>>> print(open('my_file.txt').read())   # compact mmCIF, C-alpha atoms
# COMPACT_ATOMS: atom_id res chain seq x y z
CA MET A 1 22.12 -5.11 61.13
CA ALA A 2 18.48 -6.15 61.04
CA THR A 3 17.53 -8.83 58.56
CA ILE A 4 14.34 -9.35 56.57
CA THR A 5 12.92 -12.23 54.56
CA LEU A 6 11.63 -11.72 51.03
CA PHE A 7 10.61 -14.19 48.34
CA ILE A 8 12.69 -14.58 45.20
CA ASN A 9 10.81 -16.61 42.62
CA ASN A 10 8.71 -17.97 45.50
CA HIS A 11 11.74 -19.09 47.58
CA PRO A 12 12.22 -17.34 50.95
CA TYR A 13 15.57 -15.57 51.26
CA THR A 14 16.83 -13.74 54.34
CA CYS A 15 19.24 -10.86 53.93
CA ASP A 16 20.24 -7.57 55.52
CA ALA A 17 17.65 -4.82 55.41
CA GLY A 18 19.00 -2.02 53.23
CA ASN A 19 20.02 -4.36 50.42
CA SER A 20 18.82 -3.62 46.93
CA VAL A 21 16.69 -6.28 45.29
CA ALA A 22 19.43 -6.73 42.67
CA GLY A 23 21.92 -7.33 45.49
CA ALA A 24 19.63 -9.85 47.17
CA ILE A 25 19.20 -11.76 43.89
CA ALA A 26 22.97 -11.88 43.34
CA GLN A 27 23.62 -13.02 46.95
CA ALA A 28 20.91 -15.66 46.80
CA HIS A 29 22.36 -17.26 43.67
CA GLN A 30 26.09 -16.53 44.16
CA GLN A 31 26.34 -16.17 40.38
CA LEU A 32 24.99 -14.08 37.51
CA VAL A 33 21.37 -14.95 36.76
CA THR A 34 19.21 -14.06 33.82
CA THR A 35 16.59 -11.74 35.27
CA ARG A 36 14.86 -11.02 31.98
CA GLN A 37 15.03 -11.59 28.24
CA SER A 38 15.22 -8.98 25.51
CA VAL A 39 12.55 -8.72 22.82
CA HIS A 40 14.60 -11.14 20.73
CA GLY A 41 15.19 -13.60 23.56
CA MET A 42 18.69 -12.56 24.63
CA PRO A 43 19.55 -12.98 28.33
CA ARG A 44 19.80 -9.84 30.48
CA THR A 45 20.97 -9.17 34.02
CA ALA A 46 21.81 -6.20 36.26
CA VAL A 47 24.75 -4.32 34.74
CA CYS A 48 25.15 -0.74 35.92
CA GLY A 49 23.65 -1.03 39.39
CA MET A 50 22.64 2.63 39.34
CA GLY A 51 19.33 2.83 37.51
CA ILE A 52 20.64 3.74 34.09
CA CYS A 53 20.82 0.58 31.99
CA PHE A 54 17.34 -0.80 32.80
CA GLU A 55 18.64 -4.36 32.37
CA CYS A 56 17.70 -5.45 35.92
CA ARG A 57 13.94 -5.14 35.47
CA VAL A 58 11.97 -7.68 37.50
CA THR A 59 8.40 -8.03 38.72
CA ILE A 60 7.97 -6.82 42.30
CA ASN A 61 4.71 -7.49 44.14
CA GLY A 62 3.03 -8.15 40.79
CA VAL A 63 4.18 -4.96 39.08
CA ALA A 64 6.35 -5.65 36.03
CA HIS A 65 9.48 -3.76 34.90
CA GLN A 66 10.65 -2.54 38.31
CA LEU A 67 14.34 -1.68 38.60
CA ALA A 68 15.85 -4.25 40.99
CA CYS A 69 18.94 -2.10 41.59
CA GLN A 70 16.87 0.92 42.66
CA THR A 71 14.42 -0.91 44.92
CA LEU A 72 15.24 -1.78 48.55
CA VAL A 73 14.25 -5.18 49.89
CA ALA A 74 11.28 -5.34 52.27
CA ALA A 75 9.82 -8.02 54.48
CA GLY A 76 7.45 -10.27 52.54
CA MET A 77 8.31 -8.69 49.18
CA GLN A 78 7.58 -10.96 46.20
CA VAL A 79 10.26 -10.73 43.51
CA THR A 80 9.76 -12.74 40.32
CA TYR A 81 11.54 -12.98 37.02
CA GLY A 82 11.99 -15.39 34.14
CA GLU A 83 9.38 -18.13 33.90
CA ALA A 84 8.10 -17.38 37.42
CA ALA A 85 7.13 -13.85 36.36
CA ASP A 86 5.28 -15.12 33.30
CA ALA A 87 3.24 -17.64 35.26
CA MET B 1 -0.22 8.72 -25.06
CA SER B 2 2.08 10.11 -22.39
CA GLN B 3 1.16 9.71 -18.75
CA SER B 4 -0.07 12.65 -16.76
CA HIS B 5 2.42 13.69 -14.11
CA VAL B 6 1.49 14.63 -10.54
CA ILE B 7 3.78 16.13 -7.90
CA ILE B 8 2.74 15.30 -4.35
CA ILE B 9 4.19 17.50 -1.61
CA GLY B 10 4.42 15.64 1.69
CA GLY B 11 5.24 11.96 2.23
CA GLY B 12 3.10 11.32 5.28
CA ILE B 13 0.33 8.77 5.37
CA VAL B 14 -2.04 11.04 3.39
CA GLY B 15 0.49 11.92 0.70
CA THR B 16 1.65 8.33 0.23
CA ALA B 17 -1.92 6.98 0.19
CA CYS B 18 -2.77 9.52 -2.53
CA ALA B 19 0.42 8.56 -4.39
CA GLN B 20 -0.58 4.91 -4.31
CA ARG B 21 -4.12 5.56 -5.63
CA LEU B 22 -2.95 7.97 -8.31
CA ALA B 23 -0.21 5.61 -9.51
CA ALA B 24 -2.72 2.76 -9.57
CA THR B 25 -5.00 4.85 -11.80
CA GLY B 26 -2.31 5.72 -14.34
CA TRP B 27 -0.51 8.80 -13.05
CA ARG B 28 3.26 9.20 -13.04
CA VAL B 29 4.02 10.26 -9.47
CA THR B 30 6.80 12.42 -8.01
CA LEU B 31 6.83 12.73 -4.23
CA ILE B 32 8.65 15.60 -2.52
CA GLU B 33 9.44 15.02 1.15
CA ARG B 34 11.65 17.29 3.24
CA ASP B 35 12.46 14.65 5.88
CA THR B 36 11.78 10.92 5.58
CA ILE B 37 8.62 9.18 4.43
CA GLY B 38 6.18 8.72 7.29
CA SER B 39 7.83 11.23 9.62
CA GLY B 40 5.94 14.29 10.87
CA ALA B 41 2.42 13.79 12.21
CA THR B 42 2.34 10.26 10.74
CA ALA B 43 5.08 9.16 13.15
CA ALA B 44 3.83 11.27 16.05
CA GLY B 45 0.28 9.92 16.19
CA MET B 46 -1.24 6.80 17.70
CA GLY B 47 -1.97 4.92 14.49
CA GLN B 48 -5.61 4.43 15.22
CA VAL B 49 -8.18 3.24 12.69
CA VAL B 50 -11.54 4.30 14.07
CA ALA B 51 -15.02 4.77 12.65
CA LEU B 52 -16.57 7.84 14.32
CA ASP B 53 -20.25 8.74 13.96
CA ASP B 54 -20.21 12.22 15.44
CA SER B 55 -21.24 13.86 12.17
CA PRO B 56 -22.52 12.34 8.90
CA ALA B 57 -19.44 13.59 7.01
CA GLU B 58 -17.00 12.20 9.59
CA PHE B 59 -18.87 8.91 9.73
CA ALA B 60 -18.92 8.44 5.94
CA LEU B 61 -15.18 9.03 5.56
CA THR B 62 -14.06 7.08 8.66
CA ALA B 63 -16.34 4.10 7.94
CA ASP B 64 -15.18 3.90 4.32
CA SER B 65 -11.55 4.17 5.50
CA GLN B 66 -12.00 1.59 8.25
CA ARG B 67 -13.09 -0.93 5.58
CA ARG B 68 -10.11 -0.06 3.38
CA TRP B 69 -7.66 -0.52 6.28
CA HIS B 70 -9.26 -3.85 7.07
CA ALA B 71 -8.67 -5.06 3.51
CA LEU B 72 -5.10 -3.72 3.45
CA GLY B 73 -4.33 -5.02 6.93
CA GLN B 74 -5.74 -8.49 6.33
CA ALA B 75 -3.66 -8.78 3.15
CA ASN B 76 -0.40 -7.65 4.83
CA PRO B 77 -0.82 -7.80 8.62
CA LEU B 78 2.93 -7.85 9.33
CA VAL B 79 3.75 -4.88 7.12
CA HIS B 80 1.17 -2.65 8.77
CA GLU B 81 1.25 -4.27 12.23
CA TYR B 82 -2.49 -4.35 11.67
CA THR B 83 -4.13 -5.36 14.95
CA PRO B 84 -7.94 -5.55 14.84
CA CYS B 85 -8.30 -4.89 18.56
CA GLY B 86 -11.42 -2.73 18.32
CA THR B 87 -12.24 0.33 20.41
CA ILE B 88 -14.14 0.64 23.67
CA TRP B 89 -15.67 4.04 24.34
CA VAL B 90 -16.17 4.29 28.09
CA ALA B 91 -19.30 5.99 29.43
CA SER B 92 -18.72 8.06 32.58
CA ASP B 93 -22.37 8.20 33.63
CA ASP B 94 -25.85 7.04 32.64
CA GLU B 95 -26.29 9.97 30.27
CA GLU B 96 -23.25 8.89 28.26
CA LEU B 97 -24.43 5.28 28.36
CA ALA B 98 -27.71 6.40 26.79
CA MET B 99 -25.66 8.17 24.10
CA ALA B 100 -23.81 4.91 23.53
CA ALA B 101 -27.10 3.08 23.03
CA ALA B 102 -28.13 5.61 20.38
CA LYS B 103 -24.79 5.20 18.64
CA VAL B 104 -25.26 1.43 18.35
CA ALA B 105 -28.26 2.02 16.09
CA ASN B 106 -26.23 4.51 14.06
CA TYR B 107 -23.39 2.06 13.44
CA HIS B 108 -25.76 -0.79 12.62
CA ALA B 109 -27.56 1.41 10.09
CA ALA B 110 -24.19 1.93 8.36
CA GLY B 111 -23.51 -1.80 8.31
CA LEU B 112 -20.82 -1.66 11.00
CA HIS B 113 -20.48 -3.73 14.13
CA ALA B 114 -21.26 -1.98 17.41
CA GLU B 115 -22.09 -3.41 20.80
CA LEU B 116 -23.47 -1.78 23.93
CA LEU B 117 -21.59 -2.96 27.01
CA ASP B 118 -23.12 -3.01 30.47
CA ALA B 119 -20.80 -2.65 33.46
CA ALA B 120 -20.15 -6.39 33.75
CA ALA B 121 -19.22 -6.67 30.08
CA LEU B 122 -17.06 -3.54 30.29
CA TYR B 123 -14.95 -4.98 33.14
CA ARG B 124 -14.77 -8.39 31.50
CA HIS B 125 -13.14 -6.71 28.48
CA GLU B 126 -10.99 -4.17 30.37
CA PRO B 127 -10.53 -5.05 34.05
CA ASN B 128 -8.04 -2.21 34.65
CA LEU B 129 -10.72 0.48 34.30
CA ARG B 130 -11.64 2.11 37.60
CA PRO B 131 -14.67 0.67 39.40
CA GLY B 132 -18.07 2.34 39.19
CA LEU B 133 -18.38 2.97 35.46
CA PRO B 134 -21.80 2.17 33.96
CA GLY B 135 -20.69 0.63 30.65
CA GLY B 136 -19.56 1.60 27.20
CA LEU B 137 -19.64 1.11 23.47
CA ARG B 138 -17.50 -1.48 21.70
CA ILE B 139 -16.61 -1.03 18.01
CA ALA B 140 -14.99 -4.32 17.00
CA GLY B 141 -13.99 -3.23 13.47
CA ASP B 142 -11.56 -0.57 14.69
CA ALA B 143 -7.86 -1.37 14.57
CA VAL B 144 -4.33 -0.23 15.28
CA VAL B 145 -1.62 0.12 12.61
CA TYR B 146 2.01 1.27 12.48
CA PRO B 147 1.53 4.29 10.23
CA SER B 148 5.13 5.07 9.30
CA ARG B 149 5.60 1.57 7.93
CA SER B 150 2.29 1.77 6.11
CA ALA B 151 3.34 5.07 4.53
CA ASP B 152 6.59 3.49 3.37
CA TRP B 153 4.74 0.46 1.99
CA LEU B 154 2.17 2.61 0.17
CA TRP B 155 4.99 4.58 -1.44
CA GLN B 156 6.78 1.37 -2.48
CA GLN B 157 3.69 0.40 -4.50
CA THR B 158 3.92 3.43 -6.78
CA GLY B 159 7.13 3.04 -8.74
CA GLY B 160 7.36 6.83 -8.51
CA THR B 161 10.26 9.24 -8.02
CA LEU B 162 11.11 10.44 -4.53
CA ILE B 163 12.85 13.80 -4.15
CA HIS B 164 14.16 14.83 -0.74
CA ALA B 165 13.76 18.59 -0.84
CA GLN B 166 11.89 21.54 0.54
CA VAL B 167 9.32 23.21 -1.68
CA SER B 168 9.52 27.00 -1.60
CA ALA B 169 6.59 27.86 -3.89
CA ILE B 170 3.73 26.33 -5.87
CA GLN B 171 2.97 27.85 -9.28
CA ALA B 172 0.57 27.02 -12.08
CA GLY B 173 2.08 23.94 -13.67
CA GLY B 174 4.63 23.01 -11.04
CA VAL B 175 6.69 23.84 -7.99
CA THR B 176 9.94 25.58 -7.12
CA LEU B 177 12.31 23.93 -4.67
CA ALA B 178 14.33 25.75 -2.04
CA ASP B 179 17.51 25.11 -4.06
CA GLY B 180 16.00 26.96 -7.03
CA ARG B 181 15.10 23.96 -9.17
CA HIS B 182 11.75 24.11 -10.93
CA LEU B 183 9.69 20.94 -11.46
CA SER B 184 6.72 20.91 -13.79
CA ALA B 185 3.64 18.71 -13.56
CA ASP B 186 0.06 18.46 -14.78
CA ALA B 187 -1.17 18.57 -11.18
CA VAL B 188 0.21 19.33 -7.71
CA VAL B 189 -1.18 17.74 -4.53
CA LEU B 190 -0.48 19.51 -1.22
CA ALA B 191 -0.41 16.98 1.64
CA THR B 192 1.76 18.65 4.26
CA GLY B 193 -0.68 18.48 7.16
CA SER B 194 -0.37 21.30 9.68
CA ARG B 195 2.34 22.95 7.55
CA ALA B 196 0.07 23.45 4.55
CA ARG B 197 -0.09 27.20 5.18
CA ASP B 198 3.66 27.51 4.61
CA LEU B 199 2.87 27.16 0.90
CA VAL B 200 -0.76 28.30 0.70
CA PRO B 201 -1.16 30.92 3.45
CA ALA B 202 -4.91 31.43 3.01
CA LEU B 203 -5.85 27.86 3.96
CA PRO B 204 -8.03 27.55 7.08
CA ILE B 205 -5.61 25.24 8.90
CA ARG B 206 -4.40 25.63 12.49
CA PRO B 207 -1.80 23.37 14.10
CA LYS B 208 -3.10 21.57 17.18
CA LYS B 209 -0.29 20.28 19.36
CA GLY B 210 -0.54 16.95 21.12
CA HIS B 211 1.55 14.90 23.56
CA LEU B 212 1.90 11.13 23.68
CA VAL B 213 3.55 8.79 26.18
CA ILE B 214 4.70 5.24 25.47
CA THR B 215 5.27 2.68 28.21
CA ASP B 216 7.42 -0.38 28.62
CA ARG B 217 5.89 -3.70 27.54
CA TYR B 218 2.87 -4.86 29.57
CA PRO B 219 1.09 -7.44 27.38
CA GLY B 220 -2.54 -7.91 28.38
CA PHE B 221 -2.84 -4.73 30.45
CA ILE B 222 -5.46 -3.52 27.96
CA HIS B 223 -7.01 -5.38 25.05
CA HIS B 224 -8.72 -2.62 23.06
CA GLN B 225 -8.12 0.98 22.31
CA VAL B 226 -9.91 2.51 25.27
CA ALA B 227 -11.14 6.10 25.28
CA GLU B 228 -13.67 8.16 27.15
CA MET B 229 -16.95 8.87 25.37
CA GLY B 230 -16.39 12.52 26.11
CA TYR B 231 -13.33 12.33 23.82
CA VAL B 232 -14.94 13.98 20.84
CA LYS B 233 -16.63 16.59 23.01
CA ASN B 234 -13.36 17.27 24.86
CA ALA B 235 -10.96 16.88 22.01
CA HIS B 236 -12.44 17.92 18.70
CA LEU B 237 -14.98 20.62 19.31
CA ALA B 238 -13.39 22.69 22.02
CA ASP B 239 -11.40 25.73 20.96
CA VAL B 240 -9.35 25.69 24.16
CA ASP B 241 -6.68 23.38 25.58
CA SER B 242 -8.17 20.01 26.40
CA VAL B 243 -7.26 16.53 27.62
CA ALA B 244 -9.06 13.22 27.14
CA PHE B 245 -8.41 9.66 28.30
CA ASN B 246 -7.24 7.57 25.35
CA VAL B 247 -4.97 4.51 25.62
CA GLN B 248 -3.95 2.01 22.99
CA PRO B 249 -2.27 -1.42 23.07
CA ARG B 250 0.66 -1.82 20.65
CA ALA B 251 1.69 -5.13 19.09
CA THR B 252 4.79 -5.16 21.35
CA GLY B 253 2.71 -5.03 24.54
CA GLN B 254 3.59 -1.35 24.97
CA ILE B 255 0.83 1.14 25.68
CA LEU B 256 0.38 4.53 24.06
CA ILE B 257 -1.17 7.09 26.40
CA GLY B 258 -2.92 10.23 25.19
CA SER B 259 -4.40 12.66 24.54
CA CYS B 260 -4.24 16.43 24.69
CA ARG B 261 -4.84 19.30 22.33
CA GLN B 262 -3.36 22.81 22.36
CA TYR B 263 -3.93 25.50 19.76
CA ASP B 264 -1.32 27.98 18.59
CA ILE B 265 1.71 26.49 20.32
CA HIS B 266 4.46 26.46 17.73
CA THR B 267 7.33 24.90 19.66
CA PRO B 268 7.70 21.13 19.98
CA GLU B 269 8.90 20.99 23.60
CA VAL B 270 7.14 18.70 26.04
CA ASP B 271 4.98 20.86 28.32
CA PRO B 272 5.08 19.30 31.81
CA VAL B 273 1.88 21.03 32.93
CA MET B 274 -0.10 19.78 29.93
CA LEU B 275 1.46 16.34 30.24
CA GLY B 276 0.51 16.23 33.92
CA GLN B 277 -3.10 17.17 33.17
CA MET B 278 -3.26 14.51 30.44
CA LEU B 279 -1.89 11.76 32.67
CA GLN B 280 -4.15 12.84 35.54
CA ARG B 281 -7.17 12.49 33.26
CA CYS B 282 -6.04 9.01 32.22
CA LEU B 283 -5.50 7.95 35.85
CA GLU B 284 -9.07 8.98 36.65
CA PHE B 285 -10.26 6.27 34.26
CA MET B 286 -7.43 3.75 34.68
CA PRO B 287 -5.62 4.16 38.02
CA ALA B 288 -3.35 1.14 37.45
CA LEU B 289 -1.53 3.11 34.73
CA ALA B 290 0.36 4.70 37.64
CA ASN B 291 2.25 1.41 38.15
CA LEU B 292 3.62 1.32 34.60
CA SER B 293 6.93 2.81 33.59
CA SER B 294 6.98 5.14 30.63
CA LEU B 295 9.86 5.17 28.18
CA ARG B 296 9.35 8.31 26.15
CA VAL B 297 7.17 11.39 25.69
CA TRP B 298 6.91 13.34 22.46
CA THR B 299 4.73 15.88 20.70
CA GLY B 300 3.26 16.41 17.25
CA TYR B 301 0.88 18.63 15.32
CA ARG B 302 -2.55 17.86 13.93
CA ALA B 303 -3.92 19.96 11.07
CA ALA B 304 -7.22 21.34 12.33
CA THR B 305 -9.92 22.99 10.21
CA PRO B 306 -12.80 25.19 11.48
CA ASP B 307 -15.48 22.53 10.86
CA GLY B 308 -13.40 19.49 11.79
CA GLN B 309 -13.50 17.98 8.29
CA PRO B 310 -10.44 17.66 6.05
CA LEU B 311 -9.76 19.58 2.85
CA ILE B 312 -9.91 17.12 -0.06
CA GLY B 313 -10.22 18.32 -3.65
CA PRO B 314 -9.27 21.18 -5.97
CA HIS B 315 -8.15 24.54 -4.63
CA PRO B 316 -10.95 26.77 -5.99
CA GLN B 317 -8.63 29.64 -6.90
CA GLN B 318 -5.42 27.90 -8.01
CA PRO B 319 -6.06 25.67 -11.04
CA GLY B 320 -3.93 22.53 -10.99
CA LEU B 321 -3.49 22.58 -7.19
CA TRP B 322 -5.24 19.83 -5.22
CA LEU B 323 -5.50 19.66 -1.44
CA ALA B 324 -5.33 16.67 0.88
CA THR B 325 -4.81 18.08 4.36
CA GLY B 326 -6.68 19.18 7.47
CA HIS B 327 -7.27 15.66 8.84
CA GLU B 328 -6.93 16.72 12.52
CA GLY B 329 -6.48 13.63 14.70
CA LEU B 330 -7.91 11.21 12.17
CA GLY B 331 -5.35 11.32 9.38
CA ILE B 332 -4.20 7.74 9.77
CA THR B 333 -7.76 6.44 9.62
CA THR B 334 -8.96 8.71 6.84
CA SER B 335 -5.85 8.60 4.65
CA LEU B 336 -7.16 5.69 2.58
CA GLY B 337 -10.63 7.18 2.06
CA THR B 338 -9.02 10.53 1.25
CA ALA B 339 -6.88 8.91 -1.44
CA ASP B 340 -9.93 7.33 -3.08
CA LEU B 341 -11.81 10.64 -3.05
CA LEU B 342 -8.90 12.68 -4.38
CA ALA B 343 -8.01 10.22 -7.14
CA ALA B 344 -11.65 10.00 -8.24
CA LEU B 345 -11.95 13.80 -8.37
CA MET B 346 -8.70 14.10 -10.32
CA ASN B 347 -9.68 11.27 -12.69
CA HIS B 348 -13.30 12.47 -13.14
CA THR B 349 -14.61 9.11 -11.91
CA THR B 350 -17.15 8.40 -9.18
CA PRO B 351 -15.74 8.18 -5.64
CA ALA B 352 -17.01 5.65 -3.10
CA ILE B 353 -18.59 8.38 -0.99
CA ASP B 354 -20.00 11.88 -1.61
CA PRO B 355 -17.01 14.29 -1.76
CA THR B 356 -19.06 17.44 -1.07
CA PRO B 357 -18.46 17.83 2.71
CA TYR B 358 -14.68 17.78 2.24
CA LEU B 359 -14.31 20.08 -0.78
CA PRO B 360 -12.02 23.04 -0.03
CA SER B 361 -14.45 25.34 -1.85
CA ARG B 362 -16.65 25.41 1.27
CA PHE B 363 -14.18 27.83 2.84
CA PHE B 364 -13.86 30.12 -0.18
CA PRO B 365 -16.51 32.70 -1.13
CA ALA B 366 -18.19 31.93 -4.46
CA THR B 367 -16.76 34.00 -7.27
>>> encode(input="my_file.txt", output="structure tokens")
Amino acid sequence: MATITLFINNHPYTCDAGNSVAGAIAQAHQQLVTTRQSVHGMPRTAVCGMGICFECRVTINGVAHQLACQTLVAAGMQVTYGEAADA
Amino acid sequence: MSQSHVIIIGGGIVGTACAQRLAATGWRVTLIERDTIGSGATAAGMGQVVALDDSPAEFALTADSQRRWHALGQANPLVHEYTPCGTIWVASDDEELAMAAAKVANYHAAGLHAELLDAAALYRHEPNLRPGLPGGLRIAGDAVVYPSRSADWLWQQTGGTLIHAQVSAIQAGGVTLADGRHLSADAVVLATGSRARDLVPALPIRPKKGHLVITDRYPGFIHHQVAEMGYVKNAHLADVDSVAFNVQPRATGQILIGSCRQYDIHTPEVDPVMLGQMLQRCLEFMPALANLSSLRVWTGYRAATPDGQPLIGPHPQQPGLWLATGHEGLGITTSLGTADLLAALMNHTTPAIDPTPYLPSRFFPAT
């Protein structure tokens, strides 16, 4: 399968095209990562993987609150979350 | 001497503001609310505090109310989520910019801040507006509040009695509830907004339906309430369905998106065609809104009168019945000024502004 390179919090990561952004984040870290914080500062990460829970929201190409599980990776895509998204 | 007793029907922002003023001036207050305090139009609206100069009567009441909200908000900013973000009225063309320049003089004459913005200043304040706009008008004293919480707070100040019930009739000297109970009072205040005709069918009130959208949190996307200068022309005067660009930053970073107006629609469903027209109008002024995700859409009803001014004062044909309704889209703003006017009229004292333009008697033939 063809691969693409995107940027996750400014680090290049190469994965199969056809991956979801949530999948790419999980592969890149090999563990659960906090992709956002609730209003009261509680950690959140992708849970349902099917666009229902809204817990996987990240900033994609500068647009906040995109669903990582419902967005396919693309070459050159900039995905940010946590402190990188606030910067 | 025993206290005079007033029954207020309707626990929205207008009813609770009147309750607070009447309690503060010595009345014993009973509030009758069919749902919860601050539900209805109070919860459905944007929570805007705006001084509008489109007619002398509207300007007097909104300017007086803007000052009252400022005092209340400064004293308790957390309770009211009072955010003095100001309003920017966006001019679409040079003709509207000339109108804005004329308005600056009007606001200054009333002792209010107003600032004409050229294009550079407009984009410095609100960079997400579409390119090519000539400028606008900035009213720094305008604000945003959380009206349901304010209504609850105003009611808490009264020490009055709250009755959750539906009123079925108003008589001389009291009201009858749907469960058959009769409550007596020295005065009755009707503050049920667009539903006022349920109890007084002859009132010149028509419900005007509106839709609002709220987005996820995008802090800094806008900094002011931003609306098109054509808002009043499009929204208040027209007798047909209308849409107008009007967005507002909430304290959470969320954005409220409005507005639209429809007469004589009596069902609360979201109308996708109307919603689409409203959002299209907003995108014409602020294309980047298309990138934001919305969380919820809902509707509500404004209480519109034929001349656009509220009904504040005695019902000319029903002694003991006082009206505080018909505030159209300005009920949050004008609730505090309304309460001062109504309490002064009921107490035979001098109100802060001339009550004449708002007296219900203007719609009743002299007898």
>>> residues_around(input="my_file.txt", residues="Cys69 (chain A)", least_positions_apart="6", cutoff="10 Å", atoms="all atoms listed in the file", output="list in words")
Asn19, Ser20, Val21, Ala22, Gly23, Ala24, Ile25, Ala46, Val47, Cys48, Gly49, Met50, Gly51, Ile52, Phe54, Glu55, Cys56, Arg57 and Val58 of chain A
>>> closest_residue(input="my_file.txt", among="B:Ala169, B:Ala41, B:Ala143, B:Ala60", to="Lys208 (chain B)", atoms="all atoms listed in the file")
B:Ala41
>>> interface_residues(input="my_file.txt", of="chain B", to="chain A", cutoff="10 Å", atoms="all atoms listed in the file", output="list in words")
Asp216, Arg217, Tyr218, Thr252, Ala288, Asn291, Leu292 and Ser293 of chain B
>>> write_last_selection(input="my_file.txt", atoms="C-alpha atoms", output="compact mmCIF listing (two decimals), in the frame of the given file")
# COMPACT_ATOMS: atom_id res chain seq x y z
CA ASP B 216 7.42 -0.38 28.62
CA ARG B 217 5.89 -3.70 27.54
CA TYR B 218 2.87 -4.86 29.57
CA THR B 252 4.79 -5.16 21.35
CA ALA B 288 -3.35 1.14 37.45
CA ASN B 291 2.25 1.41 38.15
CA LEU B 292 3.62 1.32 34.60
CA SER B 293 6.93 2.81 33.59
>>> atom_distance(input="my_file.txt", atom1="CA of Pro134 (chain B)", atom2="CA of Ala119 (chain B)")
4.9 Å
>>> atom_distance(input="my_file.txt", atom1="CA of Ala17 (chain A)", atom2="CA of Thr3 (chain A)")
5.1 Å
>>> atom_distance(input="my_file.txt", atom1="CA of Gly253 (chain B)", atom2="CA of Ile214 (chain B)")
10.5 Å
>>> closest_residue(input="my_file.txt", among="A:His29, A:Arg36, A:His11, A:Arg44", to="Gln78 (chain A)", atoms="all atoms listed in the file")
A:His11
>>> residues_around(input="my_file.txt", residues="region 80-84 of chain A", least_positions_apart="6", cutoff="8 Å", atoms="only C-alpha atoms", output="PyMOL selection string")
chain A and resi 8-10+34-37+58-60
>>> residues_around(input="my_file.txt", residues="Val273 (chain B)", least_positions_apart="3", cutoff="12 Å", atoms="all atoms listed in the file", output="MDAnalysis selection string")
chainID B and resid 211 241 243 260 262 269:270 276:280
>>> residues_around(input="my_file.txt", residues="Val144 (chain B)", least_positions_apart="5", cutoff="10 Å", atoms="all atoms listed in the file", output="list in words")
Met46, Gly47, Gln48, Val49, Val50, Trp69, Gly73, His80, Glu81, Tyr82, Thr83, Pro84, Cys85, Gly86, Thr87, His224, Gln225, Gln248, Pro249, Arg250, Ala251, Ile332 and Thr333 of chain B
>>> residues_around(input="my_file.txt", residues="Gly11 (chain B)", least_positions_apart="3", cutoff="8 Å", atoms="only C-alpha atoms", output="VMD selection string")
chain B and resid 8 14 to 16 31 to 33 36 to 39 151 191 to 192
>>> write_last_selection(input="my_file.txt", atoms="C-alpha atoms", output="PDB file, keeping the file's coordinate frame")
ATOM      1  CA  ILE B   8       2.740  15.300  -4.350  1.00  0.00           C
ATOM      2  CA  VAL B  14      -2.040  11.040   3.390  1.00  0.00           C
ATOM      3  CA  GLY B  15       0.490  11.920   0.700  1.00  0.00           C
ATOM      4  CA  THR B  16       1.650   8.330   0.230  1.00  0.00           C
ATOM      5  CA  LEU B  31       6.830  12.730  -4.230  1.00  0.00           C
ATOM      6  CA  ILE B  32       8.650  15.600  -2.520  1.00  0.00           C
ATOM      7  CA  GLU B  33       9.440  15.020   1.150  1.00  0.00           C
ATOM      8  CA  THR B  36      11.780  10.920   5.580  1.00  0.00           C
ATOM      9  CA  ILE B  37       8.620   9.180   4.430  1.00  0.00           C
ATOM     10  CA  GLY B  38       6.180   8.720   7.290  1.00  0.00           C
ATOM     11  CA  SER B  39       7.830  11.230   9.620  1.00  0.00           C
ATOM     12  CA  ALA B 151       3.340   5.070   4.530  1.00  0.00           C
ATOM     13  CA  ALA B 191      -0.410  16.980   1.640  1.00  0.00           C
ATOM     14  CA  THR B 192       1.760  18.650   4.260  1.00  0.00           C
TER      15      THR B 192
END
>>> decode(input="my_file.txt", residues="region 45-59 of chain B", atoms="C-alpha atoms", output="JSON list (two decimals), in the first residue's frame")
[["chain", "number", "residue", "atom", "x", "y", "z"],
["B", 45, "GLY", "CA", -31.89, 34.31, 22.99],
["B", 46, "MET", "CA", -28.32, 35.51, 22.60],
["B", 47, "GLY", "CA", -28.02, 37.45, 25.84],
["B", 48, "GLN", "CA", -27.00, 40.67, 24.20],
["B", 49, "VAL", "CA", -26.88, 44.04, 25.94],
["B", 50, "VAL", "CA", -26.95, 46.61, 23.17],
["B", 51, "ALA", "CA", -27.75, 50.31, 22.94],
["B", 52, "LEU", "CA", -29.62, 50.91, 19.66],
["B", 53, "ASP", "CA", -30.32, 54.40, 18.29],
["B", 54, "ASP", "CA", -32.76, 53.53, 15.54],
["B", 55, "SER", "CA", -35.61, 55.46, 17.16],
["B", 56, "PRO", "CA", -35.62, 57.90, 20.10],
["B", 57, "ALA", "CA", -37.80, 55.54, 22.17],
["B", 58, "GLU", "CA", -35.59, 52.52, 21.49],
["B", 59, "PHE", "CA", -32.46, 54.52, 22.20]]
